[in-house]
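start_30.txt follows (compact mmCIF, C-alpha atoms):
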```txt
# COMPACT_ATOMS: atom_id res chain seq x y z
CA MET A 1 -31.50 -40.70 6.33
CA SER A 2 -32.98 -43.49 8.50
CA LYS A 3 -30.44 -45.91 7.05
CA LEU A 4 -27.68 -43.49 7.93
CA LEU A 5 -28.84 -43.03 11.52
CA ASN A 6 -29.33 -46.74 12.07
CA SER A 7 -25.88 -47.65 10.84
CA GLY A 8 -23.39 -47.85 13.65
CA GLY A 9 -20.41 -47.23 11.36
CA ASP A 10 -21.86 -44.18 9.66
CA GLU A 11 -23.12 -42.75 12.91
CA ALA A 12 -19.65 -43.08 14.42
CA ASP A 13 -18.16 -41.23 11.47
CA PHE A 14 -20.04 -38.09 12.45
CA SER A 15 -17.85 -37.82 15.56
CA LYS A 16 -14.72 -37.47 13.42
CA PRO A 17 -13.35 -34.07 12.36
CA LEU A 18 -14.96 -32.82 9.15
CA TYR A 19 -11.64 -32.86 7.31
CA VAL A 20 -11.04 -36.62 7.46
CA PRO A 21 -10.87 -38.19 3.97
CA ILE A 22 -14.38 -38.51 2.57
CA LYS A 23 -15.91 -39.48 -0.71
CA ARG A 24 -17.63 -36.80 -2.82
CA ARG A 25 -21.06 -38.31 -2.12
CA SER A 26 -20.37 -38.37 1.62
CA PHE A 27 -19.33 -34.71 1.60
CA PHE A 28 -22.94 -33.61 1.85
CA MET A 29 -23.84 -36.06 4.63
CA TYR A 30 -20.96 -34.90 6.83
CA ALA A 31 -21.59 -31.21 6.41
CA GLY A 32 -25.36 -31.58 6.31
CA ALA A 33 -25.40 -32.23 10.04
CA THR A 34 -24.11 -28.70 10.57
CA ALA A 35 -26.24 -26.80 8.08
CA GLY A 36 -28.90 -26.10 10.70
CA ALA A 37 -31.99 -24.07 10.03
CA THR A 38 -31.21 -21.70 7.20
CA ALA A 39 -33.51 -19.25 5.49
CA LEU A 40 -32.57 -17.57 2.23
CA ILE A 41 -30.35 -14.57 1.92
CA LEU A 42 -28.50 -12.49 -0.42
CA SER A 43 -27.37 -9.14 0.75
CA GLY A 44 -25.66 -6.02 -0.19
CA CYS A 45 -25.63 -2.31 0.29
CA GLY A 46 -22.93 0.24 0.76
CA ASP A 47 -21.90 1.96 3.95
CA ASP A 48 -21.76 5.71 4.32
CA ASP A 49 -18.26 6.39 2.99
CA ASP A 50 -17.70 7.85 -0.46
CA ASP A 51 -16.43 4.61 -1.99
CA ASN A 52 -19.62 2.70 -1.16
CA ASN A 53 -22.16 5.50 -1.47
CA PRO A 54 -24.12 5.05 -4.74
CA VAL A 55 -24.81 8.79 -4.91
CA SER A 56 -21.17 9.87 -4.61
CA ASN A 57 -19.83 6.96 -6.68
CA PRO A 58 -21.92 6.48 -9.86
CA ASN A 59 -19.49 3.87 -11.18
CA MET A 60 -20.80 1.21 -8.83
CA VAL A 61 -22.64 -1.82 -10.25
CA ASN A 62 -26.35 -1.52 -9.53
CA VAL A 63 -27.91 -4.96 -9.14
CA GLY A 64 -31.43 -3.65 -9.62
CA ALA A 65 -34.60 -4.40 -7.67
CA GLY A 66 -37.09 -7.19 -7.09
CA SER A 67 -36.42 -10.80 -7.97
CA VAL A 68 -34.07 -9.89 -10.81
CA GLY A 69 -32.11 -7.66 -8.45
CA VAL A 70 -31.71 -10.54 -6.01
CA LEU A 71 -30.59 -12.87 -8.79
CA ASN A 72 -28.03 -10.27 -9.87
CA TYR A 73 -26.91 -9.91 -6.27
CA ALA A 74 -26.51 -13.66 -5.90
CA TYR A 75 -24.65 -13.75 -9.21
CA ALA A 76 -22.29 -11.04 -7.93
CA LEU A 77 -21.53 -12.88 -4.69
CA GLU A 78 -21.00 -16.17 -6.52
CA GLN A 79 -18.67 -14.44 -8.97
CA LEU A 80 -16.61 -13.29 -6.00
CA GLU A 81 -16.47 -16.73 -4.39
CA ALA A 82 -15.73 -18.53 -7.67
CA GLY A 83 -12.98 -16.00 -8.36
CA PHE A 84 -11.46 -16.64 -4.96
CA TYR A 85 -11.36 -20.42 -5.34
CA THR A 86 -10.04 -20.10 -8.90
CA THR A 87 -7.16 -17.89 -7.72
CA LEU A 88 -6.58 -20.15 -4.71
CA ARG A 89 -5.66 -23.00 -7.04
CA THR A 90 -2.69 -21.03 -8.38
CA GLY A 91 -1.05 -20.40 -4.99
CA THR A 92 1.68 -22.52 -3.46
CA TYR A 93 -0.51 -23.49 -0.50
CA TYR A 94 -2.91 -25.34 -2.79
CA THR A 95 -0.33 -26.63 -5.27
CA GLY A 96 1.73 -27.98 -2.39
CA LEU A 97 -1.08 -30.16 -1.04
CA ALA A 98 -0.67 -33.86 -1.67
CA ALA A 99 -2.76 -35.24 -4.52
CA GLY A 100 -5.79 -37.04 -3.13
CA SER A 101 -5.44 -35.50 0.33
CA ALA A 102 -8.68 -34.68 2.15
CA GLU A 103 -7.88 -30.97 2.28
CA LYS A 104 -7.21 -30.76 -1.45
CA GLN A 105 -10.38 -32.72 -2.24
CA ILE A 106 -12.42 -30.32 -0.10
CA LEU A 107 -10.99 -27.27 -1.85
CA ASP A 108 -11.61 -28.88 -5.23
CA ASP A 109 -15.23 -29.57 -4.30
CA LEU A 110 -15.75 -25.99 -3.16
CA TYR A 111 -14.18 -24.64 -6.35
CA TYR A 112 -16.49 -26.69 -8.59
CA HIS A 113 -19.56 -25.86 -6.49
CA GLU A 114 -18.95 -22.11 -6.62
CA VAL A 115 -18.34 -22.13 -10.37
CA ILE A 116 -21.58 -24.07 -10.85
CA HIS A 117 -23.46 -21.59 -8.62
CA ARG A 118 -22.07 -18.65 -10.60
CA GLU A 119 -23.06 -20.19 -13.91
CA PHE A 120 -26.51 -21.11 -12.59
CA PHE A 121 -27.36 -17.52 -11.71
CA LYS A 122 -25.84 -16.24 -14.95
CA ALA A 123 -28.00 -18.65 -16.96
CA ALA A 124 -31.06 -17.73 -14.90
CA LEU A 125 -30.62 -14.05 -15.69
CA MET A 126 -29.88 -14.63 -19.37
CA ARG A 127 -32.97 -16.84 -19.67
CA ASP A 128 -35.25 -13.87 -19.03
CA ALA A 129 -34.99 -11.43 -21.94
CA SER A 130 -36.51 -8.66 -19.81
CA SER A 131 -33.83 -8.86 -17.12
CA SER A 132 -30.67 -6.78 -17.03
CA ILE A 133 -27.71 -8.95 -16.11
CA ILE A 134 -24.76 -7.25 -14.41
CA LYS A 135 -21.30 -7.40 -15.93
CA SER A 136 -18.50 -9.75 -14.94
CA LEU A 137 -16.90 -8.28 -11.84
CA GLU A 138 -13.20 -7.75 -11.21
CA PRO A 139 -12.06 -8.95 -7.79
CA ASN A 140 -9.36 -7.41 -5.66
CA PHE A 141 -7.61 -10.10 -3.65
CA ASP A 142 -4.58 -8.02 -2.64
CA GLY A 143 -5.44 -8.64 1.01
CA ILE A 144 -5.09 -12.42 0.69
CA ASP A 145 -1.88 -14.45 0.79
CA PHE A 146 -2.58 -17.41 -1.48
CA ASN A 147 0.70 -19.01 -0.47
CA ALA A 148 -0.23 -19.31 3.22
CA ARG A 149 -2.65 -21.87 4.68
CA THR A 150 -3.72 -19.60 7.56
CA THR A 151 -3.04 -16.01 8.53
CA ALA A 152 0.49 -15.62 9.84
CA ALA A 153 1.04 -13.82 13.12
CA GLY A 154 1.49 -10.12 12.48
CA SER A 155 0.53 -10.43 8.81
CA THR A 156 -1.77 -7.87 7.23
CA LYS A 157 -2.97 -10.47 4.72
CA LEU A 158 -5.46 -13.28 5.26
CA GLY A 159 -4.30 -16.85 4.81
CA VAL A 160 -6.27 -19.00 2.36
CA LEU A 161 -8.43 -20.80 4.92
CA ASN A 162 -9.13 -17.62 6.90
CA ALA A 163 -10.21 -15.90 3.67
CA ALA A 164 -12.35 -18.91 2.70
CA LYS A 165 -13.97 -18.81 6.12
CA ALA A 166 -14.77 -15.12 5.70
CA PHE A 167 -16.28 -15.66 2.23
CA GLU A 168 -18.35 -18.71 3.21
CA ASP A 169 -19.68 -17.18 6.43
CA LEU A 170 -20.56 -13.98 4.58
CA GLY A 171 -22.33 -15.91 1.82
CA VAL A 172 -24.51 -17.92 4.21
CA SER A 173 -25.47 -14.89 6.29
CA ALA A 174 -26.20 -13.03 3.05
CA TYR A 175 -28.59 -15.69 1.71
CA ASN A 176 -30.27 -15.86 5.10
CA GLY A 177 -30.96 -12.12 5.02
CA ALA A 178 -32.24 -11.57 1.50
CA GLY A 179 -34.65 -14.42 0.84
CA ARG A 180 -37.56 -12.08 1.43
CA PHE A 181 -36.58 -10.11 -1.68
CA ILE A 182 -36.93 -12.94 -4.17
CA GLY A 183 -40.23 -14.00 -5.72
CA THR A 184 -41.20 -17.62 -6.13
CA ASP A 185 -41.25 -17.41 -9.90
CA VAL A 186 -38.84 -15.68 -12.26
CA ALA A 187 -38.79 -16.52 -15.95
CA GLY A 188 -40.99 -19.52 -15.26
CA LEU A 189 -38.74 -21.13 -12.66
CA ASN A 190 -38.91 -21.26 -8.87
CA TYR A 191 -35.68 -19.53 -7.87
CA LEU A 192 -36.70 -19.23 -4.24
CA VAL A 193 -36.49 -23.01 -3.93
CA ALA A 194 -33.28 -23.13 -5.97
CA ALA A 195 -31.63 -20.47 -3.83
CA GLY A 196 -32.71 -22.36 -0.71
CA LYS A 197 -30.87 -25.41 -1.97
CA ILE A 198 -27.78 -23.37 -2.78
CA VAL A 199 -27.60 -21.79 0.68
CA SER A 200 -27.71 -25.26 2.25
CA VAL A 201 -24.63 -26.16 0.21
CA GLU A 202 -22.95 -22.89 1.20
CA ALA A 203 -23.60 -23.77 4.85
CA ARG A 204 -21.85 -27.09 4.29
CA HIS A 205 -18.90 -25.22 2.81
CA ALA A 206 -18.73 -22.92 5.83
CA ALA A 207 -18.86 -25.85 8.24
CA LEU A 208 -16.01 -27.68 6.53
CA ILE A 209 -13.76 -24.64 6.22
CA ARG A 210 -14.36 -23.59 9.82
CA ASP A 211 -13.48 -27.11 10.97
CA LEU A 212 -10.23 -26.97 8.99
CA VAL A 213 -9.33 -23.69 10.68
CA SER A 214 -10.43 -24.72 14.17
CA GLU A 215 -12.06 -28.08 14.86
CA GLY A 216 -15.62 -27.80 16.15
CA SER A 217 -15.97 -24.08 15.41
CA PHE A 218 -18.82 -24.59 12.93
CA ILE A 219 -21.37 -23.77 15.65
CA ASP A 220 -19.62 -20.83 17.28
CA SER A 221 -21.65 -17.85 18.47
CA ASP A 222 -20.32 -15.64 15.66
CA ILE A 223 -22.46 -17.55 13.15
CA VAL A 224 -25.25 -19.04 15.29
CA ASN A 225 -27.52 -17.24 17.77
CA ILE A 226 -26.69 -19.77 20.47
CA ALA A 227 -28.01 -17.71 23.38
CA THR A 228 -31.38 -16.95 21.80
CA ASN A 229 -33.10 -18.93 19.05
CA GLY A 230 -30.31 -21.24 17.87
CA LEU A 231 -30.66 -20.06 14.26
CA GLU A 232 -27.89 -19.00 11.91
CA ILE A 233 -27.13 -15.30 11.82
CA SER A 234 -28.61 -13.21 9.02
CA LYS A 235 -27.06 -10.05 7.66
CA THR A 236 -28.69 -7.20 5.83
CA PRO A 237 -27.67 -6.25 2.31
CA ALA A 238 -25.88 -3.19 3.73
CA GLN A 239 -23.80 -5.32 6.09
CA VAL A 240 -22.83 -7.84 3.42
CA VAL A 241 -21.83 -5.38 0.72
CA ALA A 242 -19.75 -3.38 3.16
CA VAL A 243 -17.51 -6.46 3.35
CA ALA A 244 -17.87 -7.79 -0.21
CA ASN A 245 -16.91 -4.45 -1.76
CA THR A 246 -13.52 -4.56 -0.05
CA PHE A 247 -12.74 -7.55 -2.30
CA LEU A 248 -13.88 -5.85 -5.51
CA LYS A 249 -12.03 -3.37 -7.70
CA GLU A 250 -13.27 0.14 -8.40
CA GLY A 251 -15.98 -0.05 -11.03
CA SER A 252 -17.04 -3.49 -9.75
CA LYS A 253 -18.25 -2.51 -6.29
CA LEU A 254 -21.92 -3.24 -5.68
CA ASN A 255 -24.88 -0.91 -5.24
CA VAL A 256 -27.89 -2.77 -3.83
CA SER A 257 -29.99 0.26 -2.92
CA GLY A 258 -32.88 -1.32 -4.85
CA LEU A 259 -33.07 -4.23 -2.41
CA VAL A 260 -34.90 -2.53 0.44
```
Would you encode the structure as structure tokens?
Amino acid sequence: MSKLLNSGGDEADFSKPLYVPIKRRSFFMYAGATAGATALILSGCGDDDDDNNPVSNPNMVNVGAGSVGVLNYAYALEQLEAGFYTTLRTGTYYTGLAAGSAEKQILDDLYYHEVIHREFFKAALMRDASSSIIKSLEPNFDGIDFNARTTAAGSTKLGVLNAAKAFEDLGVSAYNGAGRFIGTDVAGLNYLVAAGKIVSVEARHAALIRDLVSEGSFIDSDIVNIATNGLEISKTPAQVVAVANTFLKEGSKLNVSGLV
């Protein structure tokens, strides 16, 4: 880090928009400046309507309780994000991007990261014979236009970057709100530390996507408590699942009543 700060050229690069062409290794340095202070989180919980109420809808996917419940919850959220970026790569917005362009490289990086995160949590749960891993979830992306870069005026569907922004912001605020539910040791590994590393990467994702949508918006007041403590916003499990469940099909919606 000292080498980076003492280098005039590298220091100057931080003043450029986050979407300028960057090498894969530099991706983390650029976005790292915006990660800020992040605690863990993973959230979920239904609202009071019938669709999201675990009592009235027994077909919801219960993530469980304790550390295993948090791992299942993280696995569910990463399934959703990985599914989004996988589907994104089939739309004309993505396929129309020039090969090697900065925007396409960013989306490729985010796709690979989210798939890795999903597989990490899946492996973590399968490693512990006593844990109960949730099923593979079925997403519902009917509200997203994968052929549009951003949301068109008057459209009822989100453009790709607006949807990505929503997913990344939700993921970071979710990790920040649920860290207290995970123990330091599950199946012999320190998943609290691992999840802390993952949320820092998710914050980098959010910063890059927000800068693609609107340059410099990665520190807006809707994600950072600017007027108070300057920390990133945390969301409770109930707040996160209320949003996440709108992107999941019936039978795949989440019940996180055990994470209280």
Shortest interatomic distance to Asn176 (chain A) - which of A:Glu78, A:Asp108, A:Glu215, A:Glu232, counting all atoms listed in the file: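 Going through A:Glu78, A:Asp108, A:Glu215, A:Glu232 one by one, the smallest distance to Asn176 (chain A) is for A:Glu232.
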CA of Ser252 (chain A) and CA of Val193 (chain A) are how many Å apart? 28.2 Å
What does the structure give for the distance between CA of Glu81 (chain A) and CA of Asp128 (chain A), in Å to one decimal?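 Separation of CA of Glu81 (chain A) and CA of Asp128 (chain A): 24.0 Å.
The two atoms in question, CA of Tyr73 (chain A) and CA of Ala174 (chain A), are spaced 9.9 Å apart.
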Which is closer to Val172 (chain A) than all the others in A:Leu125, A:Val260, A:Val213, A:Leu77, using only C-alpha atoms?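 For Val172 (chain A), the nearest of the given residues is A:Leu77.
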Nearest candidate to Asp211 (chain A) (options A:Asn162, A:Gly64, A:Gly69, A:Tyr75; using all atoms listed in the file):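 The closest residue to Asp211 (chain A) is A:Asn162.
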Need the shell around region 89-103 of chain A: protein/DNA/RNA residues with any atom at most 6 Å away, counting all atoms listed in the file. Skip same-chain ones fewer than 5 positions apart. Format as a list in words? Pro21, Phe146, Asn147, Ala148 and Arg149 of chain A
